[in-house]
Amino acid sequence: MRYLPKSESERSEMLEVCGAGSLEDLFSHLPADVKLNRALDIPDGKSEYEIVDYFREQADHNATGYPSFLGAGVYYHYRPVLVDTVVSRGEFLTSYTPYQAEIAQGTLTTIFEFQTMVCQLTGMEVANASMYDGSSAVPEAAMMAVRITGRDQILTSRTVHPEYREVLRTYAQHQGMPITEFGYDSESGALDLADLEARLSNQVAAVIVQSPNFFGIVEDIKAAAALAHKHGALLVMVFTEAVSLGLLEPPRDADIVAGELQSFAITPSYGGPFAGIIATKEKFIRQIPGRLVGETKDSRGNRAFCLTLSTREQHIRREKATSNICTNQALIALMATVFMSVYGKEGLRELAEQNLAKAHYLADGLPKRFAGPFFNELVVKCNGTAPEAVNEKLLGKKIIGGLPLGRFYPELKDCMLLCATEMNKRGHMDEVKNAF
Amino acid sequence: MYPENFRYTKEHEWVSAEGDVGTIGITQHAQHELGDIVYVDLPRVGTVVAQGKTLGSVESVKAVSDVYSPVSGEVVEVNEMLTTSPEKLNDDPHGVAWLVKLRLTTPAELMNLLSCADYQTYIGEKS
Amino acid sequence: MILKTTPHLTQNEPLLFESSSPGKKGYQLPALDVPAVDAKTVLGENHVREEIEGFPEVSEVETIRHFTRLSTWNYAIDLGLYPLGSCTMKYNPRVNELVARTEALAWAHPYQPESLSQGALEIMAELERCLAEITGMDAVTLQPAAGAHGEMTGIMLMRSLLEKRGDARKKILIPDSAHGTNPATAHMCGYAVQNIASNSSGLVDVASLEAAMDETVAGLMITNPNTLGVFEENIVEITKIIHAKGGLVYMDGANMNALVGIARPGDFGIDVMHLNLHKTFSTPHGGGGPGSGAVAVKKHLEPFLPYPRMKREGDQWAFNYDLPDSIGKVRAFYGNFGVLVRALAYIMAHGGDGLRRATMDAVLNANYIRKMLEPYYDLPYKKPSMHECVFSDDRQAKKGVRTGDIAKRLIDYGFHPYTVSFPLIVHGALMIEPTETEGKREIDLFVQALISIAEEVETDPKMVLNAPYLTRTSRVDEVTAARKPIVRWKPKATASIAAD
């Protein structure tokens, strides 16, 4: 086995020190009935070449080289080369959680920069070091709102990503946290504020909305926040398309922002690993889940960073912790940090403007289902044909079309969700338009 | 070091009663065991708490310690200074860094607490 | 004597925000091939932001230097032994990084047609099969994103089965040596926690367990080997006690690196467990994530697994969402696929026999360290060690030096510290897990370092208390960080206004 760095003589020497005659002797104290007395049914160890070849072969059974118009929470954006250059450095790739601050300043500094940039983007005052992903950040935000308000009900918009809402339901089921959904306006595709108001009460801990919402529509966060606050509830804003923050007014009126940074140089990777975020107001800092990095000094008086406010976390507070979350997504968050540095202030805006332009070019001439303002995704009616049939037609041209919406919204079964980013070329967009 | 007129608990809280108001804090021994205190979580005024129930918590960098109420009563005042200057709890736990004042509902409870001498024996500091 | 390190220059580096200058760029977008649109016109004036205040403006070369300089301030497995107990910091094979970046895998969209995702599905199916074989369980879900996430999934599965039987029950039994995630998880799943004391050997006390077990108990969460690195020798009896009263047994798989190829939880009575693919199966920790917390179950829990599950339709894989008893989704999509690819590559490189050999070398390394250090450090529990060993600072504490101080001094010797002050049942714990990917030379250097520190504690304890000395950052003031949290950068002007 090529990853075991010992010669047989070294092994023997070490066994002798241990007073063991053989490696098997080290396990002689295990009860006989728990030992596996056969070999594992896993094929013999493979060479590097065979491993590369196996995965290449599997990749050949996946789509390769198809232009795609899928979005719906996972977006195709260009990944600057620097991203992999940085995250491939062993000092980042093969280090652990930075508990020993003196020899982890690299990771700690990048997380501090990450937290800062997330605040700058979202208009919030504090952000954590990242969550597993956007979908699990949503229930964590809901639980946080429950702790802050002392109330237990959650109101969520139906325009929040359907899979995020499914995850919220799973988390909530044993926590006495009832969830109610409210609707969207059938014309605009945006929040039905009247329905929201009708469902609000002094039992509601949080109102959860997404912008741009699942249909790509930019929501009126200010109005939703005003309604939530009138009833003493917190407003949680969710985002799945982080690039939109380069252009859209940040959700300053929200109390908690829970989002997904996949768009920032994280490959779609068939759904993960991604990096979620939770950002909030300074006054709620002790209720934020997950890790936080803080600035301090070392004993020589130099600036230094360390994990801080750890008493919120499971390894200290155990069953009273703010969450059971333990890992963050440091390496993925680092990808996002490098991405944000490469694009910077002007680049992120220009990138967002390109996405806006591409999606509006795509929309031009297509039967849009909703009239609300949209960023880089839109719902299109398939006018009599099934969305799956349109997609089949496109697959014939080696193009992956949009997401048929019937699975998540039965009332939209004749519609699909299309996304256009800076990576979609005009010619392919024309092909998509022709397919309708 | 441990005031004679205070009553103590085995969980290292003290109470000093004046009329029907009891001032509550944590002991010198408790702050020493915790080390540098970084945060103090206190109840809201008006909270009603029973003897032995959680009143709040005190945190060091790597530990959280619940504070249990030595007596039953209603919180009438909390020491706001501790929210901005938790380090005072290390400097003067029996004085300026008291935690809350309670209106005692059952003053007789004071009698089932430790005396100063008993407390010091309990923590092994009685010479 | 310090043998492994020599101080050398490291570069200073400001934060990105401090080296920014207006208009500096590190990017160029392609020319737009469609008409530009005016954002304020199409979105509405109130939806469009002003510039992102404070956001970085740096060039490409400054960006790469920035992150490269920062990287040199980190310790990493690539630099040496990383003996964090319970964390299984082993070598991360680079071929795994390469294959995870295979274009059609890395750029696969979770909603692309199943017919165009057969490679991804096959990889997940093969990994599920391997993990079931390794654990001796019947079914596996790859959806949970991390160990604690897997724990939550597992306890929810238990709860669903008990609910189906008519009573979800009230509490979960957890040994006092368990990881903090265990009680936090039980609480998130609506259960009260009852601690079970360890006996004088550091094992679950069977009599206490038997006394605690009744019809209000949903089950037991157990770590095996436990956090002392000791195999729970009564595990079969323990699972029988729980099962006899209708409970279920959850195993925290954090320490699975001690068992792969040697013993299988499914064979000793475990009903459900999670695996940390980022520990046992060597996917990189990356400074704290991403991980993957696959959950393996016995047949009776399979109907409750998160949807979707994979099924075979003719010669194709497909997702099955029609699972009425499923607990639901625990995260969007199907799991941390990129991590799964790496884990399967690791398993393929080893093969069945190689996995077993890896386990044996991991246990050999831990036992060797234990033998070598026993004369110098107190070993509170004497049962045979598996993949890690736990000392206490009992002898050094008499000189006023605690485990945390020894850890900091170890940094000067060129090593990442062991796990400090855990498990809680050992006062002043030094928890050491070397893993199998360390050679004798590196381990001997580590042993010599700890022996040398033990001597320093005798001769000059004060010196040890102020370590480390050779790092670019000396001991960090965590107290001020917690008292006055500063968790984001702010421009100087604003900061001084705030301070006034």
# chains A, B, ... in the order shown; residues from 1 in each chain; ligands from 1

$ residues_around --residues "Tyr122 of chain B" --least-positions-apart "3" --cutoff "12 Å" --atoms "only C-alpha atoms" --output "VMD selection string"
chain B and resid 8 to 12 29 114 to 119 125 to 127

$ write_last_selection --atoms "C-alpha atoms" --output "short mmCIF file (atom, residue, chain, number, x, y, z; two decimals), in the first residue's frame"
data_model
loop_
_atom_site.label_atom_id
_atom_site.label_comp_id
_atom_site.auth_asym_id
_atom_site.auth_seq_id
_atom_site.Cartn_x
_atom_site.Cartn_y
_atom_site.Cartn_z
CA TYR B 8 -23.11 30.56 50.17
CA THR B 9 -24.04 27.60 47.97
CA LYS B 10 -22.08 24.52 46.98
CA GLU B 11 -22.37 25.78 43.39
CA HIS B 12 -20.29 28.80 44.46
CA HIS B 29 -13.35 30.60 44.31
CA LEU B 114 -23.84 27.53 53.84
CA SER B 115 -22.33 29.91 56.33
CA CYS B 116 -19.06 31.59 55.54
CA ALA B 117 -17.12 29.10 57.65
CA ASP B 118 -18.92 26.09 56.18
CA TYR B 119 -18.31 27.33 52.65
CA GLU B 125 -9.63 26.98 52.12
CA LYS B 126 -10.25 27.07 55.85
CA SER B 127 -6.92 27.24 57.59
#

$ residues_around --residues "segment 65-80 of chain B" --least-positions-apart "6" --cutoff "6 Å" --atoms "only C-alpha atoms" --output "PDB file with N, CA and C atoms, in the first residue's frame"
ATOM      1  N   VAL B  45     -34.996  41.985  34.201  1.00  0.00           N
ATOM      2  CA  VAL B  45     -35.709  42.429  35.405  1.00  0.00           C
ATOM      3  C   VAL B  45     -37.146  41.928  35.307  1.00  0.00           C
ATOM      4  N   GLY B  46     -37.657  41.404  36.408  1.00  0.00           N
ATOM      5  CA  GLY B  46     -39.028  40.885  36.404  1.00  0.00           C
ATOM      6  C   GLY B  46     -39.077  39.372  36.321  1.00  0.00           C
ATOM      7  N   THR B  47     -37.940  38.753  35.969  1.00  0.00           N
ATOM      8  CA  THR B  47     -37.893  37.290  35.911  1.00  0.00           C
ATOM      9  C   THR B  47     -38.099  36.721  37.315  1.00  0.00           C
ATOM     10  N   VAL B  48     -38.928  35.693  37.395  1.00  0.00           N
ATOM     11  CA  VAL B  48     -39.146  35.034  38.682  1.00  0.00           C
ATOM     12  C   VAL B  48     -38.361  33.725  38.666  1.00  0.00           C
ATOM     13  N   VAL B  49     -37.577  33.520  39.714  1.00  0.00           N
ATOM     14  CA  VAL B  49     -36.709  32.343  39.708  1.00  0.00           C
ATOM     15  C   VAL B  49     -36.837  31.614  41.051  1.00  0.00           C
ATOM     16  N   ALA B  50     -36.801  30.279  40.986  1.00  0.00           N
ATOM     17  CA  ALA B  50     -36.901  29.478  42.210  1.00  0.00           C
ATOM     18  C   ALA B  50     -35.512  29.100  42.691  1.00  0.00           C
ATOM     19  N   GLN B  51     -35.394  28.834  43.954  1.00  0.00           N
ATOM     20  CA  GLN B  51     -34.108  28.448  44.527  1.00  0.00           C
ATOM     21  C   GLN B  51     -33.527  27.248  43.781  1.00  0.00           C
ATOM     22  N   GLY B  52     -32.268  27.343  43.440  1.00  0.00           N
ATOM     23  CA  GLY B  52     -31.586  26.236  42.780  1.00  0.00           C
ATOM     24  C   GLY B  52     -31.768  26.205  41.270  1.00  0.00           C
ATOM     25  N   LYS B  53     -32.595  27.119  40.733  1.00  0.00           N
ATOM     26  CA  LYS B  53     -32.801  27.129  39.276  1.00  0.00           C
ATOM     27  C   LYS B  53     -31.816  28.095  38.611  1.00  0.00           C
ATOM     28  N   THR B  54     -31.663  27.909  37.294  1.00  0.00           N
ATOM     29  CA  THR B  54     -30.672  28.710  36.568  1.00  0.00           C
ATOM     30  C   THR B  54     -31.069  30.179  36.514  1.00  0.00           C
ATOM     31  N   LEU B  55     -30.117  31.016  36.871  1.00  0.00           N
ATOM     32  CA  LEU B  55     -30.353  32.456  36.889  1.00  0.00           C
ATOM     33  C   LEU B  55     -29.684  33.115  35.686  1.00  0.00           C
ATOM     34  N   GLY B  56     -28.627  32.509  35.216  1.00  0.00           N
ATOM     35  CA  GLY B  56     -27.858  33.066  34.105  1.00  0.00           C
ATOM     36  C   GLY B  56     -26.626  32.213  33.921  1.00  0.00           C
ATOM     37  N   SER B  57     -25.630  32.762  33.227  1.00  0.00           N
ATOM     38  CA  SER B  57     -24.399  32.000  33.082  1.00  0.00           C
ATOM     39  C   SER B  57     -23.206  32.931  32.974  1.00  0.00           C
ATOM     40  N   VAL B  58     -22.059  32.360  33.244  1.00  0.00           N
ATOM     41  CA  VAL B  58     -20.808  33.104  33.221  1.00  0.00           C
ATOM     42  C   VAL B  58     -19.863  32.333  32.307  1.00  0.00           C
ATOM     43  N   LEU B  99     -24.208  40.170  40.632  1.00  0.00           N
ATOM     44  CA  LEU B  99     -24.904  39.853  39.378  1.00  0.00           C
ATOM     45  C   LEU B  99     -26.315  40.437  39.337  1.00  0.00           C
ATOM     46  N   VAL B 100     -27.152  40.055  40.308  1.00  0.00           N
ATOM     47  CA  VAL B 100     -28.542  40.532  40.305  1.00  0.00           C
ATOM     48  C   VAL B 100     -28.998  40.798  41.738  1.00  0.00           C
ATOM     49  N   LYS B 101     -30.081  41.582  41.822  1.00  0.00           N
ATOM     50  CA  LYS B 101     -30.780  41.732  43.104  1.00  0.00           C
ATOM     51  C   LYS B 101     -32.164  41.119  42.965  1.00  0.00           C
ATOM     52  N   LEU B 102     -32.534  40.335  43.955  1.00  0.00           N
ATOM     53  CA  LEU B 102     -33.823  39.640  43.940  1.00  0.00           C
ATOM     54  C   LEU B 102     -34.692  40.135  45.080  1.00  0.00           C
ATOM     55  N   ARG B 103     -36.005  40.257  44.830  1.00  0.00           N
ATOM     56  CA  ARG B 103     -36.925  40.431  45.946  1.00  0.00           C
ATOM     57  C   ARG B 103     -37.256  39.041  46.446  1.00  0.00           C
ATOM     58  N   LEU B 104     -36.846  38.739  47.663  1.00  0.00           N
ATOM     59  CA  LEU B 104     -36.965  37.382  48.184  1.00  0.00           C
ATOM     60  C   LEU B 104     -38.416  37.028  48.449  1.00  0.00           C
ATOM     61  N   THR B 105     -38.824  35.862  47.976  1.00  0.00           N
ATOM     62  CA  THR B 105     -40.187  35.415  48.278  1.00  0.00           C
ATOM     63  C   THR B 105     -40.204  34.484  49.483  1.00  0.00           C
TER      64      THR B 105
END

$ closest_atom_pairs --of "chain C" --to "chain B" --cutoff "10 Å" --atoms "only C-alpha atoms" --output "Markdown table"
| residue | atom | partner | partner_atom | distance |
| --- | --- | --- | --- | --- |
| C:Glu478 | CA | B:Val61 | CA | 6.9 |
| C:Val479 | CA | B:Val61 | CA | 6.1 |
| C:Thr480 | CA | B:Val38 | CA | 7.8 |
| C:Ala481 | CA | B:Val38 | CA | 8.9 |
| C:Ala482 | CA | B:Val38 | CA | 5.9 |
| C:Arg483 | CA | B:Val38 | CA | 4.7 |
| C:Lys484 | CA | B:Val38 | CA | 8.4 |

$ closest_residue --among "C:Arg395, C:Lys371, C:Arg356, C:Lys164" --to "Ile327 of chain C" --atoms "only C-alpha atoms"
C:Lys164

$ select_by_dssp --residues "segment 88-285 of chain C" --states "strand (DSSP E or B)" --output "PyMOL selection string"
chain C and resi 117+139-141+171-175+192-196+198+204+217-223+248-253+263+272-275

$ closest_residue --among "A:Ala254, A:Ile278, A:Val342, A:Met429" --to "Ser20 of chain C" --atoms "only C-alpha atoms"
A:Val342

$ residues_around --residues "Lys298 of chain C" --least-positions-apart "2" --cutoff "7 Å" --atoms "only C-alpha atoms" --output "ChimeraX atom specification"
/C:137-139,271-272,300-302

$ interface_residues --of "chain A" --to "chain B" --cutoff "10 Å" --atoms "only C-alpha atoms" --output "PyMOL selection string"
chain A and resi 308-313+315-317

$ residues_around --residues "Met416 of chain A" --least-positions-apart "4" --cutoff "10 Å" --atoms "only C-alpha atoms" --output "list in words"
Leu70, Phe215, Lys368, Arg369, Leu378, Val379, Val380, Lys381, Cys382, Ala386, Pro387, Glu388, Val390, Asn391, Gly401, Gly402, Leu403, Pro404, Leu405, Gly406 and Leu412 of chain A

$ residues_around --residues "segment 302-304 of chain A" --least-positions-apart "6" --cutoff "7 Å" --atoms "only C-alpha atoms" --output "VMD selection string"
(chain A and resid 295 to 296) or (chain C and resid 476)

$ closest_residue --among "C:Gly219, C:Met188, C:Phe17, C:Leu81" --to "Asp444 of chain C" --atoms "only C-alpha atoms"
C:Leu81

$ residues_around --residues "Ile174 of chain C" --least-positions-apart "3" --cutoff "6 Å" --atoms "only C-alpha atoms" --output "MDAnalysis selection string"
chainID C and resid 195:196 221

$ atom_distance --atom1 "atom CA of Ala357 of chain A" --atom2 "atom CA of Asn376 of chain A"
8.2 Å

$ atom_distance --atom1 "atom CA of Leu305 of chain C" --atom2 "atom CA of Ser135 of chain A"
18.0 Å

$ select_by_dssp --residues "chain B" --states "helix (DSSP H, G or I)" --output "number ranges by chain"
B: 28-34, 81-84, 88-91, 107-112, 116-122

$ write_last_selection --atoms "N, CA and C atoms" --output "PDB file, in the first residue's frame"
ATOM      1  N   GLN B  28     -15.329  34.214  44.967  1.00  0.00           N
ATOM      2  CA  GLN B  28     -13.918  34.337  44.609  1.00  0.00           C
ATOM      3  C   GLN B  28     -13.393  33.007  44.059  1.00  0.00           C
ATOM      4  N   HIS B  29     -13.774  31.931  44.736  1.00  0.00           N
ATOM      5  CA  HIS B  29     -13.349  30.603  44.312  1.00  0.00           C
ATOM      6  C   HIS B  29     -13.853  30.309  42.893  1.00  0.00           C
ATOM      7  N   ALA B  30     -15.107  30.654  42.626  1.00  0.00           N
ATOM      8  CA  ALA B  30     -15.702  30.385  41.314  1.00  0.00           C
ATOM      9  C   ALA B  30     -14.984  31.163  40.219  1.00  0.00           C
ATOM     10  N   GLN B  31     -14.734  32.447  40.460  1.00  0.00           N
ATOM     11  CA  GLN B  31     -14.075  33.230  39.407  1.00  0.00           C
ATOM     12  C   GLN B  31     -12.656  32.714  39.167  1.00  0.00           C
ATOM     13  N   HIS B  32     -12.012  32.263  40.228  1.00  0.00           N
ATOM     14  CA  HIS B  32     -10.652  31.756  40.063  1.00  0.00           C
ATOM     15  C   HIS B  32     -10.647  30.476  39.226  1.00  0.00           C
ATOM     16  N   GLU B  33     -11.615  29.598  39.491  1.00  0.00           N
ATOM     17  CA  GLU B  33     -11.698  28.351  38.748  1.00  0.00           C
ATOM     18  C   GLU B  33     -11.994  28.602  37.268  1.00  0.00           C
ATOM     19  N   LEU B  34     -12.832  29.590  36.990  1.00  0.00           N
ATOM     20  CA  LEU B  34     -13.222  29.870  35.607  1.00  0.00           C
ATOM     21  C   LEU B  34     -12.091  30.524  34.824  1.00  0.00           C
ATOM     22  N   MET B  81     -23.248  46.865  34.375  1.00  0.00           N
ATOM     23  CA  MET B  81     -21.815  47.073  34.167  1.00  0.00           C
ATOM     24  C   MET B  81     -21.126  45.817  33.618  1.00  0.00           C
ATOM     25  N   LEU B  82     -21.654  44.645  34.014  1.00  0.00           N
ATOM     26  CA  LEU B  82     -20.981  43.408  33.629  1.00  0.00           C
ATOM     27  C   LEU B  82     -21.123  43.103  32.148  1.00  0.00           C
ATOM     28  N   THR B  83     -22.124  43.684  31.480  1.00  0.00           N
ATOM     29  CA  THR B  83     -22.263  43.407  30.046  1.00  0.00           C
ATOM     30  C   THR B  83     -21.120  44.041  29.265  1.00  0.00           C
ATOM     31  N   THR B  84     -20.625  45.168  29.721  1.00  0.00           N
ATOM     32  CA  THR B  84     -19.511  45.796  29.009  1.00  0.00           C
ATOM     33  C   THR B  84     -18.161  45.484  29.662  1.00  0.00           C
ATOM     34  N   LYS B  88     -14.579  42.683  35.469  1.00  0.00           N
ATOM     35  CA  LYS B  88     -14.768  43.101  36.864  1.00  0.00           C
ATOM     36  C   LYS B  88     -15.084  41.903  37.768  1.00  0.00           C
ATOM     37  N   LEU B  89     -15.683  40.886  37.147  1.00  0.00           N
ATOM     38  CA  LEU B  89     -16.041  39.697  37.906  1.00  0.00           C
ATOM     39  C   LEU B  89     -14.788  38.960  38.395  1.00  0.00           C
ATOM     40  N   ASN B  90     -13.699  39.105  37.658  1.00  0.00           N
ATOM     41  CA  ASN B  90     -12.447  38.538  38.130  1.00  0.00           C
ATOM     42  C   ASN B  90     -11.835  39.395  39.236  1.00  0.00           C
ATOM     43  N   ASP B  91     -12.038  40.726  39.136  1.00  0.00           N
ATOM     44  CA  ASP B  91     -11.390  41.644  40.072  1.00  0.00           C
ATOM     45  C   ASP B  91     -12.088  41.698  41.430  1.00  0.00           C
ATOM     46  N   PRO B 107     -37.657  34.137  52.439  1.00  0.00           N
ATOM     47  CA  PRO B 107     -36.402  34.444  53.130  1.00  0.00           C
ATOM     48  C   PRO B 107     -35.883  33.281  53.982  1.00  0.00           C
ATOM     49  N   ALA B 108     -36.783  32.408  54.387  1.00  0.00           N
ATOM     50  CA  ALA B 108     -36.346  31.277  55.218  1.00  0.00           C
ATOM     51  C   ALA B 108     -35.340  30.393  54.499  1.00  0.00           C
ATOM     52  N   GLU B 109     -35.360  30.457  53.160  1.00  0.00           N
ATOM     53  CA  GLU B 109     -34.413  29.657  52.377  1.00  0.00           C
ATOM     54  C   GLU B 109     -32.960  29.978  52.724  1.00  0.00           C
ATOM     55  N   LEU B 110     -32.739  31.199  53.183  1.00  0.00           N
ATOM     56  CA  LEU B 110     -31.371  31.599  53.535  1.00  0.00           C
ATOM     57  C   LEU B 110     -30.771  30.636  54.545  1.00  0.00           C
ATOM     58  N   MET B 111     -31.630  30.065  55.372  1.00  0.00           N
ATOM     59  CA  MET B 111     -31.151  29.215  56.450  1.00  0.00           C
ATOM     60  C   MET B 111     -30.595  27.889  55.926  1.00  0.00           C
ATOM     61  N   ASN B 112     -31.062  27.442  54.738  1.00  0.00           N
ATOM     62  CA  ASN B 112     -30.496  26.174  54.257  1.00  0.00           C
ATOM     63  C   ASN B 112     -29.262  26.377  53.377  1.00  0.00           C
ATOM     64  N   CYS B 116     -20.390  31.268  56.047  1.00  0.00           N
ATOM     65  CA  CYS B 116     -19.056  31.587  55.543  1.00  0.00           C
ATOM     66  C   CYS B 116     -18.044  30.510  55.927  1.00  0.00           C
ATOM     67  N   ALA B 117     -18.078  30.103  57.178  1.00  0.00           N
ATOM     68  CA  ALA B 117     -17.119  29.103  57.652  1.00  0.00           C
ATOM     69  C   ALA B 117     -17.339  27.775  56.947  1.00  0.00           C
ATOM     70  N   ASP B 118     -18.617  27.378  56.825  1.00  0.00           N
ATOM     71  CA  ASP B 118     -18.917  26.092  56.179  1.00  0.00           C
ATOM     72  C   ASP B 118     -18.477  26.106  54.720  1.00  0.00           C
ATOM     73  N   TYR B 119     -18.694  27.248  54.076  1.00  0.00           N
ATOM     74  CA  TYR B 119     -18.314  27.331  52.655  1.00  0.00           C
ATOM     75  C   TYR B 119     -16.806  27.169  52.493  1.00  0.00           C
ATOM     76  N   GLN B 120     -16.065  27.841  53.365  1.00  0.00           N
ATOM     77  CA  GLN B 120     -14.611  27.759  53.245  1.00  0.00           C
ATOM     78  C   GLN B 120     -14.108  26.355  53.543  1.00  0.00           C
ATOM     79  N   THR B 121     -14.766  25.685  54.460  1.00  0.00           N
ATOM     80  CA  THR B 121     -14.404  24.285  54.709  1.00  0.00           C
ATOM     81  C   THR B 121     -14.697  23.467  53.461  1.00  0.00           C
ATOM     82  N   TYR B 122     -15.868  23.744  52.870  1.00  0.00           N
ATOM     83  CA  TYR B 122     -16.299  23.002  51.684  1.00  0.00           C
ATOM     84  C   TYR B 122     -15.276  23.124  50.554  1.00  0.00           C
TER      85      TYR B 122
END

$ residues_around --residues "Leu227 of chain A" --least-positions-apart "2" --cutoff "10 Å" --atoms "only C-alpha atoms" --output "NGL selection string"
:A and (193-194 or 196-197 or 200 or 207 or 221-225 or 229-235)

$ write_last_selection --atoms "C-alpha atoms" --output "tab-separated table (two decimals), in the first residue's frame"
chain	number	residue	atom	x	y	z
A	193	LEU	CA	-47.59	40.54	0.71
A	194	ALA	CA	-51.30	40.45	1.51
A	196	LEU	CA	-48.02	37.26	4.29
A	197	GLU	CA	-49.76	39.92	6.35
A	200	LEU	CA	-48.49	37.04	10.54
A	207	VAL	CA	-40.50	35.33	7.95
A	221	ILE	CA	-37.25	43.01	0.97
A	222	LYS	CA	-38.00	46.36	2.57
A	223	ALA	CA	-41.75	45.78	2.39
A	224	ALA	CA	-41.49	42.20	3.67
A	225	ALA	CA	-39.25	43.34	6.53
A	229	HIS	CA	-41.21	43.81	12.11
A	230	LYS	CA	-44.71	45.21	12.65
A	231	HIS	CA	-45.57	41.86	14.22
A	232	GLY	CA	-42.31	41.52	16.13
A	233	ALA	CA	-40.96	38.80	13.82
A	234	LEU	CA	-37.49	38.72	12.27
A	235	LEU	CA	-36.96	38.79	8.54

$ closest_residue --among "C:Pro83, C:Gly147, C:Gly439, C:Gly288" --to "His274 of chain C" --atoms "only C-alpha atoms"
C:Gly147

$ closest_residue --among "C:Tyr321, C:Phe391, C:Tyr376, C:Tyr334" --to "chain A" --atoms "only C-alpha atoms"
C:Tyr334
